[in-house]
Structures are given as C-alpha cells and as structure tokens.
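Visitor: Input file: my_file_12.txt. Contents: compact mmCIF, N, CA and C atoms and all ligand atoms.
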# COMPACT_ATOMS: atom_id res chain seq x y z
N GLU A 5 9.13 -13.89 65.40
CA GLU A 5 7.82 -14.13 66.01
C GLU A 5 7.91 -15.14 67.14
N GLN A 6 7.01 -14.99 68.09
CA GLN A 6 7.02 -15.81 69.29
C GLN A 6 6.40 -17.19 69.05
N VAL A 7 6.94 -18.18 69.74
CA VAL A 7 6.24 -19.47 69.80
C VAL A 7 4.99 -19.26 70.67
N GLN A 8 3.84 -19.64 70.14
CA GLN A 8 2.57 -19.41 70.83
C GLN A 8 1.84 -20.73 71.01
N GLN A 9 0.84 -20.70 71.88
CA GLN A 9 -0.08 -21.82 71.98
C GLN A 9 -1.44 -21.35 71.51
N THR A 10 -2.19 -22.20 70.85
CA THR A 10 -3.55 -21.86 70.51
C THR A 10 -4.44 -23.07 70.79
N TYR A 11 -5.62 -22.78 71.27
CA TYR A 11 -6.56 -23.85 71.58
C TYR A 11 -7.53 -24.01 70.42
N ILE A 12 -7.62 -25.21 69.89
CA ILE A 12 -8.47 -25.51 68.75
C ILE A 12 -9.52 -26.52 69.19
N MET A 13 -10.76 -26.30 68.80
CA MET A 13 -11.82 -27.20 69.21
C MET A 13 -12.76 -27.47 68.04
N VAL A 14 -13.00 -28.73 67.80
CA VAL A 14 -14.06 -29.11 66.88
C VAL A 14 -15.36 -29.12 67.68
N LYS A 15 -16.25 -28.17 67.38
CA LYS A 15 -17.46 -27.99 68.18
C LYS A 15 -18.47 -29.09 67.86
N PRO A 16 -19.43 -29.31 68.65
CA PRO A 16 -19.64 -28.83 70.00
C PRO A 16 -19.27 -29.89 71.01
N ASP A 17 -19.14 -29.52 72.21
CA ASP A 17 -18.79 -30.51 73.21
C ASP A 17 -19.45 -30.34 74.52
N GLY A 18 -18.83 -30.99 75.33
CA GLY A 18 -19.03 -31.28 76.66
C GLY A 18 -18.62 -30.14 77.53
N VAL A 19 -19.29 -29.04 77.35
CA VAL A 19 -19.22 -28.07 78.42
C VAL A 19 -20.09 -28.65 79.53
N GLN A 20 -20.50 -29.90 79.33
CA GLN A 20 -21.10 -30.67 80.43
C GLN A 20 -20.12 -30.67 81.60
N ARG A 21 -18.87 -30.31 81.30
CA ARG A 21 -17.88 -30.19 82.36
C ARG A 21 -18.00 -28.87 83.09
N GLY A 22 -18.91 -28.00 82.66
CA GLY A 22 -19.15 -26.76 83.38
C GLY A 22 -18.14 -25.67 83.11
N LEU A 23 -17.40 -25.78 82.04
CA LEU A 23 -16.40 -24.76 81.74
C LEU A 23 -17.05 -23.57 81.06
N GLU A 24 -16.58 -22.38 81.42
CA GLU A 24 -17.16 -21.16 80.81
C GLU A 24 -16.23 -20.65 79.75
N HIS A 25 -16.14 -21.39 78.68
CA HIS A 25 -15.21 -21.08 77.61
C HIS A 25 -15.50 -19.71 76.98
N TYR A 26 -16.76 -19.37 76.79
CA TYR A 26 -17.16 -18.16 76.06
C TYR A 26 -17.52 -17.01 77.01
N LYS A 27 -16.80 -16.92 78.14
CA LYS A 27 -17.20 -15.90 79.12
C LYS A 27 -17.15 -14.47 78.57
N ASP A 28 -16.26 -14.21 77.61
CA ASP A 28 -16.17 -12.87 77.02
C ASP A 28 -17.46 -12.47 76.29
N LEU A 29 -18.27 -13.46 75.93
CA LEU A 29 -19.46 -13.19 75.11
C LEU A 29 -20.75 -13.23 75.93
N LYS A 30 -20.59 -13.28 77.24
CA LYS A 30 -21.75 -13.47 78.12
C LYS A 30 -22.86 -12.42 77.90
N ALA A 31 -22.47 -11.20 77.58
CA ALA A 31 -23.46 -10.12 77.43
C ALA A 31 -24.15 -10.12 76.06
N LYS A 32 -23.67 -10.95 75.14
CA LYS A 32 -24.22 -10.92 73.77
C LYS A 32 -25.61 -11.55 73.71
N PRO A 33 -26.47 -11.05 72.83
CA PRO A 33 -27.83 -11.61 72.72
C PRO A 33 -27.85 -13.07 72.28
N PHE A 34 -26.84 -13.50 71.53
CA PHE A 34 -26.81 -14.89 71.05
C PHE A 34 -26.18 -15.86 72.04
N TYR A 35 -25.77 -15.35 73.22
CA TYR A 35 -25.05 -16.19 74.19
C TYR A 35 -25.82 -17.46 74.61
N PRO A 36 -27.13 -17.36 74.97
CA PRO A 36 -27.84 -18.58 75.38
C PRO A 36 -27.86 -19.65 74.28
N LYS A 37 -28.07 -19.22 73.03
CA LYS A 37 -28.08 -20.19 71.93
C LYS A 37 -26.70 -20.78 71.70
N LEU A 38 -25.68 -19.94 71.86
CA LEU A 38 -24.30 -20.40 71.69
C LEU A 38 -23.98 -21.49 72.72
N ILE A 39 -24.41 -21.28 73.96
CA ILE A 39 -24.14 -22.25 75.03
C ILE A 39 -24.95 -23.54 74.80
N ASP A 40 -26.19 -23.41 74.35
CA ASP A 40 -26.98 -24.61 74.01
C ASP A 40 -26.25 -25.45 72.96
N TYR A 41 -25.75 -24.76 71.96
CA TYR A 41 -25.05 -25.44 70.86
C TYR A 41 -23.76 -26.10 71.35
N ILE A 42 -22.97 -25.35 72.10
CA ILE A 42 -21.64 -25.83 72.45
C ILE A 42 -21.69 -26.95 73.49
N THR A 43 -22.84 -27.08 74.16
CA THR A 43 -22.99 -28.16 75.13
C THR A 43 -23.84 -29.30 74.57
N SER A 44 -24.10 -29.31 73.27
CA SER A 44 -25.06 -30.25 72.70
C SER A 44 -24.47 -31.64 72.41
N GLY A 45 -23.18 -31.79 72.47
CA GLY A 45 -22.57 -33.09 72.18
C GLY A 45 -21.07 -33.02 72.41
N PRO A 46 -20.37 -34.12 72.22
CA PRO A 46 -18.92 -34.14 72.44
C PRO A 46 -18.17 -33.25 71.45
N VAL A 47 -17.05 -32.69 71.86
CA VAL A 47 -16.15 -31.99 70.93
C VAL A 47 -14.78 -32.65 70.96
N VAL A 48 -13.98 -32.32 69.97
CA VAL A 48 -12.59 -32.77 69.92
C VAL A 48 -11.71 -31.58 70.26
N CYS A 49 -10.93 -31.69 71.32
CA CYS A 49 -10.07 -30.59 71.80
C CYS A 49 -8.64 -30.78 71.32
N MET A 50 -8.03 -29.69 70.92
CA MET A 50 -6.62 -29.74 70.54
C MET A 50 -5.89 -28.51 71.05
N ALA A 51 -4.61 -28.67 71.36
CA ALA A 51 -3.76 -27.52 71.64
C ALA A 51 -2.61 -27.58 70.66
N TRP A 52 -2.47 -26.54 69.86
CA TRP A 52 -1.38 -26.49 68.88
C TRP A 52 -0.34 -25.49 69.37
N GLU A 53 0.91 -25.77 69.09
CA GLU A 53 1.97 -24.84 69.50
C GLU A 53 2.92 -24.61 68.34
N GLY A 54 3.32 -23.36 68.15
CA GLY A 54 4.28 -23.07 67.10
C GLY A 54 4.42 -21.59 66.86
N VAL A 55 5.37 -21.22 66.03
CA VAL A 55 5.61 -19.82 65.69
C VAL A 55 4.39 -19.27 64.95
N GLY A 56 3.80 -18.21 65.50
CA GLY A 56 2.66 -17.55 64.84
C GLY A 56 1.43 -18.41 64.69
N VAL A 57 1.29 -19.42 65.52
CA VAL A 57 0.23 -20.43 65.29
C VAL A 57 -1.18 -19.88 65.51
N VAL A 58 -1.33 -18.84 66.35
CA VAL A 58 -2.66 -18.29 66.60
C VAL A 58 -3.25 -17.78 65.28
N LEU A 59 -2.50 -16.96 64.58
CA LEU A 59 -2.98 -16.38 63.33
C LEU A 59 -3.09 -17.43 62.23
N SER A 60 -2.11 -18.32 62.13
CA SER A 60 -2.18 -19.30 61.03
C SER A 60 -3.37 -20.25 61.23
N ALA A 61 -3.69 -20.59 62.48
CA ALA A 61 -4.88 -21.43 62.73
C ALA A 61 -6.15 -20.66 62.37
N ARG A 62 -6.22 -19.38 62.73
CA ARG A 62 -7.40 -18.57 62.40
C ARG A 62 -7.59 -18.47 60.88
N LYS A 63 -6.49 -18.38 60.14
CA LYS A 63 -6.58 -18.32 58.68
C LYS A 63 -7.14 -19.62 58.12
N LEU A 64 -6.68 -20.71 58.68
CA LEU A 64 -7.15 -22.04 58.26
C LEU A 64 -8.65 -22.21 58.56
N ILE A 65 -9.09 -21.65 59.68
CA ILE A 65 -10.49 -21.76 60.11
C ILE A 65 -11.40 -20.86 59.27
N GLY A 66 -10.98 -19.65 58.98
CA GLY A 66 -11.80 -18.71 58.20
C GLY A 66 -12.66 -17.81 59.07
N SER A 67 -13.38 -16.88 58.42
CA SER A 67 -14.17 -15.88 59.13
C SER A 67 -15.27 -16.51 59.97
N THR A 68 -15.69 -15.76 61.01
CA THR A 68 -16.73 -16.23 61.93
C THR A 68 -18.02 -16.60 61.18
N ASP A 69 -18.42 -15.74 60.25
CA ASP A 69 -19.60 -16.01 59.42
C ASP A 69 -19.18 -16.85 58.21
N PRO A 70 -19.63 -18.08 58.13
CA PRO A 70 -19.19 -18.97 57.04
C PRO A 70 -19.44 -18.39 55.65
N LEU A 71 -20.45 -17.51 55.52
CA LEU A 71 -20.70 -16.92 54.20
C LEU A 71 -19.61 -15.92 53.81
N GLN A 72 -18.91 -15.40 54.79
CA GLN A 72 -17.79 -14.49 54.53
C GLN A 72 -16.46 -15.25 54.44
N ALA A 73 -16.45 -16.50 54.87
CA ALA A 73 -15.20 -17.27 54.93
C ALA A 73 -14.78 -17.70 53.53
N GLU A 74 -13.50 -17.59 53.25
CA GLU A 74 -12.96 -17.95 51.92
C GLU A 74 -13.08 -19.45 51.67
N PRO A 75 -13.30 -19.81 50.39
CA PRO A 75 -13.20 -21.24 50.03
C PRO A 75 -11.79 -21.73 50.40
N GLY A 76 -11.70 -22.96 50.82
CA GLY A 76 -10.40 -23.48 51.24
C GLY A 76 -10.20 -23.40 52.74
N THR A 77 -11.01 -22.55 53.40
CA THR A 77 -10.97 -22.54 54.87
C THR A 77 -11.99 -23.56 55.37
N ILE A 78 -11.84 -23.95 56.63
CA ILE A 78 -12.74 -24.97 57.19
C ILE A 78 -14.18 -24.46 57.19
N ARG A 79 -14.38 -23.23 57.69
CA ARG A 79 -15.73 -22.69 57.72
C ARG A 79 -16.25 -22.38 56.31
N GLY A 80 -15.37 -21.92 55.43
CA GLY A 80 -15.76 -21.61 54.06
C GLY A 80 -16.21 -22.85 53.30
N ASP A 81 -15.57 -23.95 53.57
CA ASP A 81 -15.91 -25.18 52.83
C ASP A 81 -17.01 -26.00 53.51
N LEU A 82 -17.08 -25.93 54.83
CA LEU A 82 -17.89 -26.91 55.55
C LEU A 82 -19.07 -26.35 56.32
N ALA A 83 -19.19 -25.02 56.42
CA ALA A 83 -20.24 -24.45 57.27
C ALA A 83 -21.12 -23.49 56.48
N VAL A 84 -22.32 -23.22 57.04
CA VAL A 84 -23.28 -22.34 56.39
C VAL A 84 -23.64 -21.15 57.28
N GLN A 85 -23.88 -21.39 58.58
CA GLN A 85 -24.33 -20.34 59.47
C GLN A 85 -23.34 -20.07 60.60
N THR A 86 -23.32 -18.81 61.06
CA THR A 86 -22.43 -18.41 62.16
C THR A 86 -22.68 -19.27 63.40
N GLY A 87 -23.94 -19.58 63.65
CA GLY A 87 -24.30 -20.37 64.83
C GLY A 87 -23.98 -21.86 64.72
N ARG A 88 -23.42 -22.27 63.58
CA ARG A 88 -23.00 -23.67 63.37
C ARG A 88 -21.70 -23.65 62.56
N ASN A 89 -20.70 -22.96 63.13
CA ASN A 89 -19.50 -22.76 62.31
C ASN A 89 -18.36 -23.74 62.56
N VAL A 90 -18.71 -24.88 63.10
CA VAL A 90 -17.89 -26.10 63.07
C VAL A 90 -16.65 -26.13 63.96
N VAL A 91 -15.96 -25.01 64.08
CA VAL A 91 -14.65 -25.10 64.72
C VAL A 91 -14.34 -23.81 65.47
N HIS A 92 -13.58 -23.95 66.54
CA HIS A 92 -13.13 -22.80 67.33
C HIS A 92 -11.62 -22.68 67.25
N GLY A 93 -11.12 -21.47 67.27
CA GLY A 93 -9.68 -21.22 67.42
C GLY A 93 -9.49 -19.95 68.22
N SER A 94 -8.55 -19.96 69.15
CA SER A 94 -8.27 -18.79 70.00
C SER A 94 -7.94 -17.58 69.14
N ASP A 95 -8.30 -16.38 69.66
CA ASP A 95 -8.11 -15.17 68.86
C ASP A 95 -6.88 -14.35 69.22
N SER A 96 -6.12 -14.77 70.23
CA SER A 96 -4.91 -14.04 70.62
C SER A 96 -4.00 -15.00 71.39
N PRO A 97 -2.71 -14.69 71.45
CA PRO A 97 -1.80 -15.54 72.24
C PRO A 97 -2.25 -15.64 73.71
N GLU A 98 -2.76 -14.54 74.25
CA GLU A 98 -3.21 -14.55 75.65
C GLU A 98 -4.39 -15.53 75.83
N ASN A 99 -5.37 -15.42 74.92
CA ASN A 99 -6.52 -16.34 75.01
C ASN A 99 -6.11 -17.76 74.65
N GLY A 100 -5.11 -17.93 73.80
CA GLY A 100 -4.60 -19.26 73.50
C GLY A 100 -4.10 -19.95 74.76
N LYS A 101 -3.36 -19.22 75.56
CA LYS A 101 -2.85 -19.76 76.83
C LYS A 101 -3.99 -20.03 77.80
N ARG A 102 -4.91 -19.07 77.91
CA ARG A 102 -6.02 -19.18 78.86
C ARG A 102 -6.93 -20.37 78.52
N GLU A 103 -7.28 -20.48 77.25
CA GLU A 103 -8.20 -21.53 76.84
C GLU A 103 -7.53 -22.91 76.89
N THR A 104 -6.25 -22.96 76.54
CA THR A 104 -5.53 -24.23 76.63
C THR A 104 -5.53 -24.71 78.09
N ALA A 105 -5.29 -23.78 79.01
CA ALA A 105 -5.26 -24.13 80.44
C ALA A 105 -6.65 -24.52 80.95
N LEU A 106 -7.69 -23.96 80.33
CA LEU A 106 -9.07 -24.26 80.74
C LEU A 106 -9.46 -25.69 80.35
N TRP A 107 -8.97 -26.13 79.22
CA TRP A 107 -9.41 -27.41 78.66
C TRP A 107 -8.45 -28.56 78.89
N PHE A 108 -7.21 -28.26 79.25
CA PHE A 108 -6.24 -29.32 79.49
C PHE A 108 -5.58 -29.16 80.85
N LYS A 109 -5.45 -30.29 81.55
CA LYS A 109 -4.73 -30.27 82.82
C LYS A 109 -3.24 -30.43 82.55
N GLU A 110 -2.44 -30.06 83.55
CA GLU A 110 -1.00 -30.29 83.51
C GLU A 110 -0.76 -31.77 83.17
N GLY A 111 0.13 -32.06 82.26
CA GLY A 111 0.44 -33.45 81.95
C GLY A 111 -0.41 -34.05 80.84
N GLU A 112 -1.48 -33.37 80.45
CA GLU A 112 -2.33 -33.88 79.36
C GLU A 112 -1.81 -33.45 77.99
N LEU A 113 -0.94 -32.46 77.98
CA LEU A 113 -0.39 -31.98 76.70
C LEU A 113 0.86 -32.75 76.38
N CYS A 114 0.99 -33.12 75.12
CA CYS A 114 2.16 -33.87 74.71
C CYS A 114 3.03 -32.95 73.86
N GLN A 115 4.23 -32.71 74.33
CA GLN A 115 5.12 -31.80 73.62
C GLN A 115 6.20 -32.60 72.91
N TRP A 116 6.32 -32.39 71.60
CA TRP A 116 7.29 -33.17 70.85
C TRP A 116 7.78 -32.35 69.67
N THR A 117 8.93 -32.70 69.14
CA THR A 117 9.50 -31.99 68.01
C THR A 117 9.48 -32.90 66.79
N PRO A 118 8.65 -32.59 65.76
CA PRO A 118 8.64 -33.41 64.56
C PRO A 118 10.01 -33.35 63.88
N ALA A 119 10.40 -34.43 63.23
CA ALA A 119 11.71 -34.48 62.59
C ALA A 119 11.86 -33.42 61.50
N GLN A 120 10.72 -32.99 60.92
CA GLN A 120 10.80 -32.01 59.83
C GLN A 120 10.83 -30.56 60.33
N ALA A 121 10.82 -30.36 61.65
CA ALA A 121 10.75 -28.99 62.20
C ALA A 121 11.79 -28.03 61.62
N PRO A 122 13.07 -28.45 61.47
CA PRO A 122 14.07 -27.50 60.95
C PRO A 122 13.80 -27.08 59.50
N TRP A 123 12.99 -27.85 58.78
CA TRP A 123 12.65 -27.49 57.40
C TRP A 123 11.41 -26.60 57.33
N LEU A 124 10.70 -26.47 58.43
CA LEU A 124 9.50 -25.64 58.46
C LEU A 124 9.78 -24.25 59.03
N GLN A 125 10.74 -24.15 59.94
CA GLN A 125 11.06 -22.84 60.49
C GLN A 125 12.55 -22.68 60.68
N GLU A 126 13.02 -21.43 60.49
CA GLU A 126 14.46 -21.16 60.57
C GLU A 126 14.93 -21.21 62.02
P1 LIG A 201 -14.88 -16.67 66.41
O1 LIG A 201 -15.44 -18.03 66.73
O2 LIG A 201 -14.63 -16.49 64.93
O3 LIG A 201 -13.68 -16.29 67.25
P2 LIG A 201 -16.41 -14.86 68.14
O4 LIG A 201 -15.38 -15.10 69.17
O5 LIG A 201 -16.78 -13.45 67.82
O6 LIG A 201 -16.04 -15.60 66.75
O7 LIG A 201 -17.76 -15.60 68.57
C1 LIG A 201 -17.71 -16.90 69.14
C2 LIG A 201 -18.83 -17.71 68.54
O8 LIG A 201 -20.09 -17.09 68.88
C3 LIG A 201 -18.82 -17.76 67.02
O9 LIG A 201 -17.96 -18.78 66.52
C4 LIG A 201 -20.26 -18.05 66.73
C5 LIG A 201 -21.01 -17.26 67.80
N1 LIG A 201 -21.39 -15.93 67.29
C6 LIG A 201 -20.56 -14.85 67.11
N2 LIG A 201 -21.23 -13.81 66.60
C7 LIG A 201 -22.51 -14.21 66.45
C8 LIG A 201 -23.72 -13.60 65.99
N3 LIG A 201 -23.74 -12.33 65.57
N4 LIG A 201 -24.86 -14.35 65.98
C9 LIG A 201 -24.86 -15.63 66.41
N5 LIG A 201 -23.76 -16.27 66.87
C10 LIG A 201 -22.61 -15.58 66.90
MG MG A 202 -13.52 -15.97 69.26
Show how you would write the structure in this file as structure tokens.

Guide:
Amino acid sequence: EQVQQTYIMVKPDGVQRGLEHYKDLKAKPFYPKLIDYITSGPVVCMAWEGVGVVLSARKLIGSTDPLQAEPGTIRGDLAVQTGRNVVHGSDSPENGKRETALWFKEGELCQWTPAQAPWLQE
C-alpha cells in the first residue's frame, strides 16, 4: 500500500480565511448550513501521513451520520447529528493531497519519523 496524506480537521473553523473546502458539495441542499457551521468558530487542522492512512483515519472517524457510526469511533461516541459531526477526514488519497495543500502552506508541515515506526509497519 502507498504512503498517503490525509487532511484531518476538528470542526468548525475559520473558513474566515475564505477557503472553499467543501466545493464538491456546492450543489447540495444542505450546503449553506454546512458553510455556516464550518465558519462558525476556530478549527484544529492536522495533516497525517502514513501507509493507508486515508482509510484508517476514516474508520477512526466513523460514518457521516453519527447515528450510523459505530461505538468507538469519534462520531459514534461524540456526535448526534450529521450537521454537527465533529470531525472531517479526506475521503481519498487525491482529496487528501488537495485538502492538505489547501489548508497548509509549504513549510508548515512537519515531517518526522517516530522511533517506533519500524514496529508499526514492515
Ligand atoms: P464526510 O464528512 O463523512 O466525508 P460528506 O463528504 O458526504 O461526508 O459530507 C461532508 C459534510 O457535509 C458532512 O460531514 C456533514 C454534511 N452533510 C453530508 N450529508 C448531509 C446531509 N444529508 N444533510 C446535512 N448535512 C450533510
Ligand atoms: Mg467527505
């Protein structure tokens, strides 16, 4: 499996910066409410990198609708409604790259190898 990047965000934030993070959803009926929510306060941005990280982060986050999300996932444990589902994670390696580039400038990402890396992946 490929080393991937995925963009993780604790919602909501500062799209006060004018970023169009959810451009794929522009045509959806819930888009205006989604944008109101996501611009309602600061968010915590993260970029994670690793083998298969897009899917493993999505598993940790859980289903879009918190009522469908498994216990033990972030949305399953901490959220109630789709419109307040606490956390974002990229849905594909391509979007992981795109969203990471949207939210972080060159030089803002810190790349490092944890000492335990050889014990986590072959
Ligand atoms: P996800 O965040 O699981 O990738 P998505 O990309 O389909 O889900 O949608 C982005 C966000 O838009 C989602 O976290 C919450 C909101 N959303 C999605 N579907 C919705 C719906 N049917 N009604 C209201 N909000 C919705
Ligand atoms: Mg999505």

Visitor: Applying 12 Å and only C-alpha atoms, which residues near range 74-83 of chain A remain after dropping the ones on its own chain fewer than 5 positions away? List them as a PyMOL selection string.

Guide: chain A and resi 14-15+60-69+88-93

Visitor: Quick check, in Å to one decimal: how far apart do CA of Ser96 in chain A and CA of Glu5 in chain A lie?

Guide: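 A separation of 13.5 Å between them.
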
Visitor: Kindly give the distance, in Å, that separates atom C of Trp52 in chain A and atom P1 of ligand LIG 201 (chain A), rounded to a single decimal.

Guide: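 Value for the atom C of Trp52 in chain A-atom P1 of ligand LIG 201 (chain A) distance: 17.3 Å.
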
Visitor: For ligand LIG 201 (chain A), which residue out of A:Ile42, A:Cys49, A:Ala121, A:Ala105 is the nearest one, using only C-alpha atoms and all ligand atoms?

Guide: A:Ile42

Visitor: How many Å lie between atom C of Gln8 in chain A and atom C of Gln115 in chain A, rounded to one decimal?

Guide: 12.8 Å

Visitor: Taking the chain letters and numbering used in this document, name the residues of chain A that DSSP puts in strand (DSSP E), as an NGL selection string.

Guide: :A and (7-14 or 48-55 or 91-93)

Visitor: Which of these, A:Glu53, A:Asp95, A:Glu112, A:Glu126, has the shortest distance to ligand LIG 201 (chain A) once you count only C-alpha atoms and all ligand atoms?

Guide: A:Asp95
